[in-house]
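Presented below is the structure to which this report refers.
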Amino acid sequence: MFGFFTQPVWSPYLAGAGIGILSCLALVLADRPLGCSTAFVKARGLIGKMINPEKTEKMAYYQDIVPKVDWAFMIIPGIIIGAFFSSVLSGTFHLVWVPELWGSVFGDNAVLRIIIALTGGILLGFGARWAGGCTSGHGISGSIQLSLASMVTATCFFIGGIAVAMLLYRVIGVMW
């Protein structure tokens, strides 16, 4: 039975069914959709409360999204820990500063790769908050609730991701 957890690649159908069950449980038990971007905002709020609690508590955003450690916040460490255990159990764990595809197009400069990855992550965070949620929030939870806005947003996320990948690897990568 546990052989499934040691496979390097999991069935997308089983993983999708698991995410669907988890999403339904989140809606039924917590009355909240499953998503990640709010957890990052809560983390920022917790850091803000440590540095300048008065300013953070007065911010209108944190009146609605209360910075606290709750089940939604714990999704982030859960993803990191789960990915780590999955890669260790499957025997695929290894540290890579520059992925092979990136290195073949842009070279093996780890500092450049880290700067680009951080910039992309920051832009992704801004976009997720601007869209009112991330790909998991809109693409999974919103679609399960048949939200047209979430389906359009998730479609735009994928179109944007494909466009940026094509720009990076087919246009900028060729010029590089």
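Note on naming: chains are A, B, ... as they come in the structure tokens, residues start from 1 per chain, ligands start from 1 in the order shown.
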(request) Could you tell me, as a PyMOL selection string, which residues of region 6-174 of chain A DSSP assigns to alpha helix (DSSP H) when given the backbone? (result) chain A and resi 12-25+37-51+53-58+61-64+75-90+100-106+110-130+135+143-144+148-166+173-174
(request) Name the residues in contact with Ala110 (chain A) at a cut-off of 9 Å, using only C-alpha atoms, excluding same-chain residues fewer than 5 positions from it; report them as a list of chain:residue names. (result)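 Counting only C-alpha atoms, the residues come to A:Trp97, A:Val98, A:Ile115.
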(message) Would you pick out the contacts of region 5-14 of chain A at 7 Å or less, using only C-alpha atoms, so that residues sharing its chain but fewer than 5 positions from it are not included, and give the list as a list of chain:residue names?
(response) A:Ser86, A:Leu89, A:Ser90, A:Thr92
(message) Which residues are near Leu101 (chain A)? Cut-off 12 Å, only C-alpha atoms, ignore same chain within fewer than 3 positions. Put them as a PyMOL selection string.
(response) chain A and resi 96-98+104-108+113+165+168-169+173
Any chance you could tabulate, as JSON lines, the residues of region 46-130 of chain A at most 12 Å from region 136-156 of chain A with each one's nearest atom pair and distance in Å to one decimal, using only C-alpha atoms, in chain and rising number order?
{"residue": "A:Ala72", "atom": "CA", "partner": "A:Gly137", "partner_atom": "CA", "distance": 11.4}
{"residue": "A:Ile75", "atom": "CA", "partner": "A:Ser136", "partner_atom": "CA", "distance": 11.5}
{"residue": "A:Gly127", "atom": "CA", "partner": "A:Thr153", "partner_atom": "CA", "distance": 10.6}
{"residue": "A:Ala128", "atom": "CA", "partner": "A:Gly137", "partner_atom": "CA", "distance": 9.3}
{"residue": "A:Arg129", "atom": "CA", "partner": "A:Gly137", "partner_atom": "CA", "distance": 10.9}
{"residue": "A:Trp130", "atom": "CA", "partner": "A:Thr153", "partner_atom": "CA", "distance": 10.7}
(request) Return the single residue from A:Thr119, A:Thr38, A:Ser87, A:Thr135 that is closest to Val69 (chain A), with distances computed using only C-alpha atoms. (result)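 Checking each of A:Thr119, A:Thr38, A:Ser87, A:Thr135 against Val69 (chain A), counting only C-alpha atoms, the winner is A:Thr38.
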(message) Between CA of Leu22 (chain A) and CA of Phe4 (chain A), what distance in Å does the model show, to one decimal?
(response)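 Going from CA of Leu22 (chain A) over to CA of Phe4 (chain A) covers 18.3 Å.
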